[in-house]
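What follows is a single structure, written as structure tokens, with notes after it.
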Amino acid sequence: MQRIRLRYTKRGRLRFTSHRDFQRAFERALRRAEVPMAYSAGFTPHPKVSYANAAPTGTGSEAEYLEIALTEARDPERLRLLLDESLPAGLDVVDAVEARTSGLADRLTASVWELRLDGVEPAEAEAAVAAFTAAPAVEVQRRTKNGVRTFDTRSAVAHLESVTTHGSPADRPSDRPCAILRLVVRHVTPAVRPDDVLSGLRAVADLAPPVPAAVTRLAQGLFDEETGAVTDPLAPDREAKAPEPQPAAASAAAKAPA
């Protein structure tokens with residue numbers, strides 16, 4: 001059985017698809033592309049697809065990851081092209097590697113997010129960022145299925161800055177003032193989402209964008225505490241050497257009884 005790891009995107013209007021919507025679309029794409037999927041056992045077999053840390057509904061993403069299990073070996077790049085052609089524009093499969101290491105989910109320890117705040121002056125955003133980063137803790141509340149929960153957002157934010165970008169993946173261009181925030185958030189429990197950070201900015205600096213922020217995940221991967229960088233989680237699979245085929249004679253000798 002071969003395992004393939006894929007990176008895909010949620011762009012434009014497709015950012016509003018839920019994770020369940022994407023699952024249905026992806027399973028249809030697997031059938032269209034005639035991918036030789038491995039299936040689970042039991043009365044209701046399902047294709048073996050493992051999703052890792054999906055972005056919330058309504059947020060765009062350049063870095064979503066999943067892993068599929070195949071019953072026959074396939075070239076990862078050829079498989080990527082077939083799946084990309086079978087998915088709607090906006091759900092784009094942009095990278096594929098054969099899984100040669102374990103623990104993909106364990107390498108997703110932080111995300112890089114971009115928040116486009118239409119109608120907010122950059123100077124106002126910079127002041128709010130300074131207040132947030134200077135605070136020892138920034139508590140916010142979020143309603144969960146178990147009721148309202150209070151938690152600290154500041155400890156999860158490894159980096160936060162106001163930036164000027166050109167050609168940003170965050171869409172919805174406007175002639176009004178616009179501030180763009182770039183932040184690195186550690187994946188902690190409870191999870192701290194970009195909207196939680198916005199709630200924290202409102203709490204410490206009364207920053208309240210007049211329209212909802214356009215949120216895009218730019219990257220996710222292993223967080224390097226020394227450099228503050230978020231590394232590519234598929235890099236270890238690219239760097240790992242494929243097992244070399246064993247010569248037939250050696251294989252036969254290894255199976256021969258002593």
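Simple scheme: letters A, B, ... for chains in structure tokens order, numbers from 1 for residues in each chain, numbers from 1 for ligands in the order shown.
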I need the residues in region 21-181 of chain A that are helix (DSSP H, G or I) according to DSSP; give them as a VMD selection string. chain A and resid 21 to 32 76 to 86 105 to 107 122 to 134 154 to 156
Identify, on the basis of only C-alpha atoms, every residue whose closest approach to region 208-218 of chain A does not exceed 8 Å; exclude the query and any residue fewer than 2 positions from it along the same chain; express the result as a list of chain:residue names.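 Selected residues are A:Ala55, A:Gly58, A:Thr59, A:Gly60, A:Ser61, A:Glu62, A:Ala63, A:Ser111, A:Val112, A:Trp113, A:Glu114, A:Leu115, A:Arg116, A:Leu117, A:Asp118, A:Gly119, A:Val120, A:Pro169, A:Ala170, A:Asp171, A:Arg172, A:Pro194, A:Arg202, A:Asp206, A:Gln220.
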Using only C-alpha atoms, which protein or nucleic acid residues come within 8 Å of region 142-159 of chain A? Drop anything in the same chain fewer than 5 positions from it, and give the result as a list of chain:residue names.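 The filter keeps A:Phe132, A:Thr133, A:Ala135, A:Pro136, A:Ala137, A:Arg182, A:Leu183, A:Val184, A:Val185, A:Arg186, A:His187, A:Val188, A:Pro190, A:Val192, A:Asp196, A:Val197, A:Gly200, A:Gly228.
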8 Å contact set for Ile68 (chain A), only C-alpha atoms, chain neighbours under 4 positions out, as number ranges by chain: A: 3-5, 37, 48-50
Dump as a PDB file, in the first residue's frame, selection limited to N, CA, C and O atoms:
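Just written: result-v2.pdb:
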ATOM      1  N   ARG A   3       1.244   5.453   0.344  1.00  0.00           N
ATOM      2  CA  ARG A   3       0.609   6.616   0.953  1.00  0.00           C
ATOM      3  C   ARG A   3       1.128   7.880   0.266  1.00  0.00           C
ATOM      4  O   ARG A   3       2.336   8.036   0.072  1.00  0.00           O
ATOM      5  N   ILE A   4       0.184   8.765  -0.095  1.00  0.00           N
ATOM      6  CA  ILE A   4       0.525  10.024  -0.755  1.00  0.00           C
ATOM      7  C   ILE A   4       0.013  11.173   0.103  1.00  0.00           C
ATOM      8  O   ILE A   4      -1.136  11.159   0.569  1.00  0.00           O
ATOM      9  N   ARG A   5       0.846  12.189   0.303  1.00  0.00           N
ATOM     10  CA  ARG A   5       0.464  13.382   1.054  1.00  0.00           C
ATOM     11  C   ARG A   5       0.283  14.545   0.092  1.00  0.00           C
ATOM     12  O   ARG A   5       1.137  14.766  -0.777  1.00  0.00           O
ATOM     13  N   MET A  37      -7.969   3.651  -4.585  1.00  0.00           N
ATOM     14  CA  MET A  37      -7.974   3.915  -3.153  1.00  0.00           C
ATOM     15  C   MET A  37      -8.049   2.634  -2.329  1.00  0.00           C
ATOM     16  O   MET A  37      -8.721   1.670  -2.704  1.00  0.00           O
ATOM     17  N   LYS A  48      -9.600   5.509   2.506  1.00  0.00           N
ATOM     18  CA  LYS A  48      -8.666   5.879   3.571  1.00  0.00           C
ATOM     19  C   LYS A  48      -8.043   7.241   3.266  1.00  0.00           C
ATOM     20  O   LYS A  48      -7.063   7.342   2.525  1.00  0.00           O
ATOM     21  N   VAL A  49      -8.656   8.282   3.829  1.00  0.00           N
ATOM     22  CA  VAL A  49      -8.193   9.657   3.682  1.00  0.00           C
ATOM     23  C   VAL A  49      -8.048  10.242   5.076  1.00  0.00           C
ATOM     24  O   VAL A  49      -9.001  10.195   5.866  1.00  0.00           O
ATOM     25  N   SER A  50      -6.878  10.771   5.397  1.00  0.00           N
ATOM     26  CA  SER A  50      -6.633  11.398   6.707  1.00  0.00           C
ATOM     27  C   SER A  50      -6.451  12.895   6.506  1.00  0.00           C
ATOM     28  O   SER A  50      -5.538  13.323   5.787  1.00  0.00           O
TER      29      SER A  50
END
Surrounding residues of Ala73 (chain A) excluding itself and chain neighbours under 5 positions, 9 Å, only C-alpha atoms, as a VMD selection string: chain A and resid 1 to 3 36
Store the residues picked out above in a file with N, CA and C atoms, as an mmCIF file, in the first residue's frame.
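out_35.cif, written as the output of this step:
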data_model
loop_
_atom_site.group_PDB
_atom_site.id
_atom_site.type_symbol
_atom_site.label_atom_id
_atom_site.label_comp_id
_atom_site.auth_asym_id
_atom_site.auth_seq_id
_atom_site.Cartn_x
_atom_site.Cartn_y
_atom_site.Cartn_z
ATOM 1 N N MET A 1 0.850 -1.199 0.000
ATOM 2 C CA MET A 1 0.000 0.000 0.000
ATOM 3 C C MET A 1 0.882 1.243 0.000
ATOM 4 N N GLN A 2 0.574 2.183 -0.869
ATOM 5 C CA GLN A 2 1.325 3.428 -0.985
ATOM 6 C C GLN A 2 0.536 4.559 -0.328
ATOM 7 N N ARG A 3 1.244 5.453 0.344
ATOM 8 C CA ARG A 3 0.609 6.616 0.953
ATOM 9 C C ARG A 3 1.128 7.880 0.266
ATOM 10 N N PRO A 36 -6.788 4.409 -7.346
ATOM 11 C CA PRO A 36 -6.957 3.088 -6.715
ATOM 12 C C PRO A 36 -6.880 3.188 -5.185
#
Please identify the strand (DSSP E or B) residues within region 6-215 of chain A (assignment by DSSP from backbone atoms) and present them as a PyMOL selection string. chain A and resi 6-10+37+39+47+49-52+60-70+93-98+110-118+139-144+147-152+157-163+178-186+214-215
Option closest in space to Gln141 (chain A), from A:Ala203, A:Glu34, A:Ala219, A:Pro236 [counting only C-alpha atoms]: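 Looking only at the distances to Gln141 (chain A), the closest residue turns out to be A:Ala203.
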Just the residues within 8 Å of Ala105 (chain A), please, counting only C-alpha atoms, with nothing from its chain fewer than 2 positions along; format it as a PyMOL selection string. chain A and resi 52-53+103+107-108
